[in-house]
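Asks: First, the structure itself, so that you have it in front of you.
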Amino acid sequence: MKRILYELIESVRIAMAQIRANKMRSALTALGVVIGIVAVTLMGTAIAGINIGFDRSLAMLGEDVLYVDKWPWTGAEDWWNYANRPSLRPEDAVKLNRIIAASPDSQLAFAVFADGRSASIKSNGNSVSGVWTQGTGAAYGRILTADFTEGRLFNETEDESARQVVVLGYDVAQALFPGRSPLGATVTIHGQPFQVVGVLARQGSFLGLFSFDNQMVLPLGAYRKYFGVRDDYAEIQVKIKDKTRLDEAREELTGFMRRVRGQIPGERDNFNINGGAIFKEKLDPIKRGIAFAGLFVTGLSLFVGAIGIMNITFVSVRERTKEIGTRKALGARRRTVLLQFLIEAVSICVLGGAVGLGFTYILFAVVRGAMPSFPIEFSPLLVVVSMLVSIATGILSGIIPAWGASRLDPVVALRYE
Amino acid sequence: MSPPAPVEARPVRPVGPLVIAIEGVTKLYQMGEETIHALRGVSLEIRRNEYLAIMGPSGSGKSTLMNMLGCLDTPTAGKYEFNGHDVAGMVDDELAEIRNREIGFVFQTFNLLPRSDALRNVELPLIYGGVPTHERHERARQTLIDVGLGNRIHHKPNELSGGQRQRVAIARALVNRPSIILADEPTGNLDSKTGVEILALFNDLYEKGNTLIVVTHEESVARHARRIIRLHDGLIESDGPAY
Ligand SMILES: Nc1ncnc2c1ncn2[C@@H]1O[C@H](COP(=O)(O)OP(=O)(O)OP(=O)(O)O)[C@@H](O)[C@H]1O
Ligand SMILES: [Mg+2]
C-alpha cells in the first residue's frame with residue numbers, strides 16, 4: 001500500500017520534471033486540451049444558460065396560467081388553417097367566465113381577456129417606441145407574476161370606466177423618468193394623456209430576445225378606444241387552481257372554449273391553448289437536439305486535443321524506452337510504468353484544463369459585460385466538471401501508450417538506442 | 001565468512017551458500033525464418049561472495065546469459081533457481097520483485113535518469129521496494145558515501161564525470177543490499193585509469209562480502225575476478241579460477 005503511494009509521488013515528480021524539461025512541446029500539446037475545454041465549457045454553459053433562460057421565462061409567463069390564442073406558440077407549419085380562425089374577443093372571455101362560474105368543481109379559476117400591440121409613449125420630450133402595449137382587465141393583477149416597484153395595477157372601477165391610466169414596465173419607466181418616480185405623472189400614448197398608476201419590477205427578458213420590461217398595461221376599454229378591436233395578438237389568459245393538474249385543466253378549458261365558440265362535435269378546435277407544460281414539452285426535444293449537437297461538435301475539439309496527448313505520450317514512451325528498461329531492471333513493475341506515463345498524460349491535460357478554465361472565466365466576464373441578461377454563470381460545478389473531463393481525457397489518451405510501455409520487455413527496452 | 005586466504009591458496013570454489021543454480025539453460029531467438037541459438041545448454045552454480053567474470057567473443061551469448069542471471073529474461077528451456085526459488089516459471093511482476101530485492105545492475109552506459117540528481121537515482125530501487133522516505137534518503141546517502149561520492153550527492157549526471165556516474169550506478173545497484181551485483185562491461189565506456197578505479201571499487205565490494213558477476217571481453221578486467229567463465233557460441237568453454 002505504502003509502495004503505491006511512493007510510486008505515485010515519484011510518478012508525479014517525474015511527470016512534472018518531464019513537462020518542465022519539454023516546456024514548448026508540453027505547451028503545444030496542452031493547447032489542444034485548452035481549446036477543447038474552452039469549447040466544451042462555453043457550449044455547456046450556453047446550453048445550461050438557455051435552459052435557465054427558458055425556465056425563467058416560462059415562469060414569467062406563469063406556471064399556473066393557460067393562454068387561449070389563435071395561434072400555437074411553437075410554430076405552425078400549416079398557417080392557413082390558423083389564419084381563417086376567428087380572433088379572440090372580450091365576449092369570449094365573458095362567456096368563458098360564466099361557464100367557469102357555473103362549474104364549481106372546475107380546475108379553472110377565472111379568465112381575463114388581453115390584447116396587445118406595439119406602440120410608442122412620450123413624456124416631457126422623452127419618448128420610447130416599440131413598447132409592447134397590453135389592454136386587459138383588472139383581474140390581470142391576479143395573473144401577473146411580476147411585483148410592483150411602486151403603485152399598483154388599475155382597479156375594477158378604472159377598468160370598467162376605461163380610465164386613461166397606465167402601468168409601466170421597468171425599462172419604460174427608467175427611460176421616461178430617469179432617476180425619479182413616474183407615479184402620478186401624465187404620459188402620452190397614441191396622442192392621448194394617460195396617468196401612471198404603477199411601475200413593474202424588473203423581470204428580465206425572454207432569452208434576451210423579448211424584454212418583459214419593455215411593456216405597458218392599460219385598461220382594456222381605454223386600449224380598445226385607441227387601438228381598435230380586431231387583432232391577431234388578442235388572447236384569453238386563464239388562471240388555474242392547481243398547477244400540478246395542468247393537463248386536466250387544459251382539457252377542461254378546451255371543452256369550455258368549444259362551448260363558447262359553439263363548435264359542433266367532430267369539428268376541429270378553432271383556437272389554441274398555449275402555456276404550461278405544452279411549451280416545455282415541445283421545446284425539450286429541440287433543446288436536447290441543440291445540446292447534443294453542440295456538445296458533439298465541441299467534444300470533437302477535445303477529442304482532437306486528446307489525440308495530441310496520445311501522440312505525445314507515444315513519443316515520450318519511445319524517447320524513454322531505455323529509461324523504462326532501466327526502471328524495470330531496478331524493480332519497477334508494470335503498474336509502476338503504466339502509472340508513470342498515465343500521470344504524465346493526465347498532468348498535461350489537467351494543466352491544459354486549468355488554463356482553459358481561466359480563458360473561459362475571462363470570456364464569461366466579457367459576455368456578461370456585453371449581454372448582462374444572458375444567464376451564464378461560472379460555477380464551482382463547472383470547475384469540477386472541467387477537471388474531471390480533463391482527467392478523463394488524460395486517462396483515455398494516455399492509456400494505450402502507457403499500457404504499451406508497461407508491457408515492454410526489459411531486455412528489448414534496455415537494448416533500445 | 002572465512003578470512004581472506006593468501007593469494008596462492010585462494011579456493012577455486014568459495015564455500016558460501018548457493019545463490020544461483022542453472023541447469024541446461026537454452027535461449028532461442030526467432031528472427032523471421034531463422035532461429036538463433038543464443039545459449040545452447042548452459043549449466044552453472046554461483047555461491048555467495050564469488051567474484052565471477054564472464055568472457056567470450058562478440059555474439060557468444062554473454063549478455064544473454066547475463067540477462068538470464070539477472071532475471072530480466074527467462075530461459076527457453078532449462079532450470080533456473082535463485083536462492084532456491086524457481087525463476088523459470090515466474091511472471092513479469094514476480095521477476096521485477098526479485099530484481100528489486102536481490103539483484104543490482106551496473107550497465108556499460110550507466111543508465112542514470114538524466115534529470116534526477118545522484119541521490120534520487122540511488123533512491124529509485126528503494127522507492128520500488130516501498131522503503132519509507134526518511135530511511136530511503138539515509139540509505140541512499142550512506143551508499144553514495146560508501147562509493148566515495150559523499151560530496152556529489154546533489155549533482156545531476158551531466159555534472160559528473162564518467163567514473164563518478166558509474167559510481168552512482170554502483171551505489172544504485174548496492175543500495176538494496178542485493179544477493180548479487182551484475183555488471184555488463186562496466187568499464188567499457190571509461191578510460192583505462194577510471195576503469196581501474198572502478199575495478200578497485202569492485203574489489204572492495206567483494207572484500208566486504210558482495211557477490212559480483214562481471215561481463216567483459218577484456219582479460220585485464222577479467223583478471224580481477226576470482227573465477228572466469230568463457231563462453232563460445234552459446235556454450236561454456238571453460239570455467240575455472242582466474243589465475
Ligand atoms: N533480442 C534478440 N533477438 C534476436 N537475436 C538476439 C537477441 N539478443 C541476442 N541475440 C543474438 O544472440 C546471440 C548472443 O547475443 P549476446 O548479446 O548475448 O552476445 P554477447 O556475447 O553479449 O556479444 P557482445 O560481446 O557483442 O555484447 C547473438 O548472435 C545475437 O545476435
Ligand atoms: Mg553483450
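In the C-alpha cells, chains take letters A, B, ... by order of appearance, with residues numbered from 1 within each chain and ligands from 1 in the order shown.
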Taking only C-alpha atoms and all ligand atoms into account, report as a PyMOL selection string which residues have an atom no farther than 12 Å from an atom of ligand 2.
Replies: (chain A and resi 411+414-415) or (chain B and resi 38+54-67+107-108+183-186+188+214-217+231)
Asks: Which residues of chain A are close to chain B, meaning at most 12 Å apart when you count only C-alpha atoms, and how do they look as a count of residues only?
Replies: 51
Asks: Just want the 7 Å neighbourhood of region 234-242 of chain B, counted on only C-alpha atoms, with same-chain residues fewer than 5 positions away dropped. Output as a list in words.
Replies: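 The residues that qualify are Val12, His37, Ala38, Leu39, Arg40, Gly41, Val42, Ser60, Gly61, Arg223, Ala225, Arg226, Arg227, Ile228 and Ile229 of chain B.
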Asks: To one decimal place, how far is CA of Gly150 (chain B) from CA of Leu52 (chain B) in Å?
Replies: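 Separation between CA of Gly150 (chain B) and CA of Leu52 (chain B): 28.4 Å.
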Asks: Neighbours of region 149-156 of chain A within 6 Å (only C-alpha atoms; same-chain residues fewer than 5 positions away dropped), as JSON, numbers by chain?
Replies: {"A": [138, 197, 198, 199, 200, 201]}
Asks: From region 7-81 of chain A, collect each residue whose DSSP state is helix (DSSP H, G or I) and return the set as JSON, numbers by chain.
Replies: {"A": [7, 8, 9, 10, 11, 12, 13, 14, 15, 16, 17, 18, 19, 20, 21, 23, 24, 25, 26, 27, 28, 29, 30, 31, 32, 33, 34, 35, 36, 37, 38, 39, 40, 41, 42, 43, 44, 45, 46, 47, 48, 49, 50, 51, 52, 53, 54, 55, 56, 57, 58, 59, 60, 61, 79, 80, 81]}
Asks: Between CA of Ala171 (chain B) and CA of Ile198 (chain B), what is the distance, to one decimal in Å?
Replies: 11.8 Å
Asks: Quick one: DSSP strand (DSSP E or B) residues in region 184-215 of chain A, as a PyMOL selection string?
Replies: chain A and resi 186-189+192-200+205-206+210-211+215
Asks: Take the residues from that selection and put them in a file with N, CA and C atoms, as a tab-separated table (two decimals), in the first residue's frame.
Replies:
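File produced: again.tsv:
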```tsv
chain	number	residue	atom	x	y	z
A	186	THR	N	-48.19	62.30	-16.02
A	186	THR	CA	-49.01	62.09	-17.21
A	186	THR	C	-48.10	61.77	-18.39
A	187	VAL	N	-48.43	60.70	-19.11
A	187	VAL	CA	-47.66	60.34	-20.30
A	187	VAL	C	-48.60	60.37	-21.49
A	188	THR	N	-48.00	60.41	-22.68
A	188	THR	CA	-48.83	60.46	-23.88
A	188	THR	C	-48.69	59.16	-24.67
A	189	ILE	N	-49.84	58.49	-24.87
A	189	ILE	CA	-49.85	57.27	-25.66
A	189	ILE	C	-50.88	57.48	-26.76
A	192	GLN	N	-52.85	60.52	-26.63
A	192	GLN	CA	-53.79	60.70	-25.52
A	192	GLN	C	-53.05	60.73	-24.18
A	193	PRO	N	-53.54	61.56	-23.26
A	193	PRO	CA	-52.90	61.60	-21.94
A	193	PRO	C	-53.32	60.41	-21.07
A	194	PHE	N	-52.30	59.79	-20.46
A	194	PHE	CA	-52.57	58.69	-19.53
A	194	PHE	C	-51.84	59.00	-18.23
A	195	GLN	N	-52.45	58.59	-17.13
A	195	GLN	CA	-51.81	58.82	-15.84
A	195	GLN	C	-51.15	57.53	-15.37
A	196	VAL	N	-49.88	57.66	-14.91
A	196	VAL	CA	-49.15	56.47	-14.45
A	196	VAL	C	-49.62	56.11	-13.05
A	197	VAL	N	-50.09	54.82	-12.90
A	197	VAL	CA	-50.53	54.39	-11.57
A	197	VAL	C	-49.61	53.34	-10.97
A	198	GLY	N	-48.72	52.79	-11.80
A	198	GLY	CA	-47.85	51.75	-11.24
A	198	GLY	C	-46.63	51.51	-12.11
A	199	VAL	N	-45.59	50.98	-11.49
A	199	VAL	CA	-44.38	50.59	-12.23
A	199	VAL	C	-44.03	49.16	-11.83
A	200	LEU	N	-43.80	48.33	-12.86
A	200	LEU	CA	-43.48	46.92	-12.60
A	200	LEU	C	-42.00	46.76	-12.24
A	205	SER	N	-35.52	39.36	-19.60
A	205	SER	CA	-36.06	39.15	-20.93
A	205	SER	C	-36.20	37.66	-21.23
A	206	PHE	N	-37.00	37.38	-22.22
A	206	PHE	CA	-37.17	36.01	-22.65
A	206	PHE	C	-36.02	35.66	-23.58
A	210	PHE	N	-36.98	38.99	-26.10
A	210	PHE	CA	-38.17	39.78	-25.86
A	210	PHE	C	-38.16	40.23	-24.42
A	211	SER	N	-38.11	41.55	-24.21
A	211	SER	CA	-37.99	42.05	-22.84
A	211	SER	C	-39.36	42.23	-22.21
A	215	GLN	N	-42.66	47.07	-21.58
A	215	GLN	CA	-44.10	46.94	-21.83
A	215	GLN	C	-44.88	47.95	-21.01
```
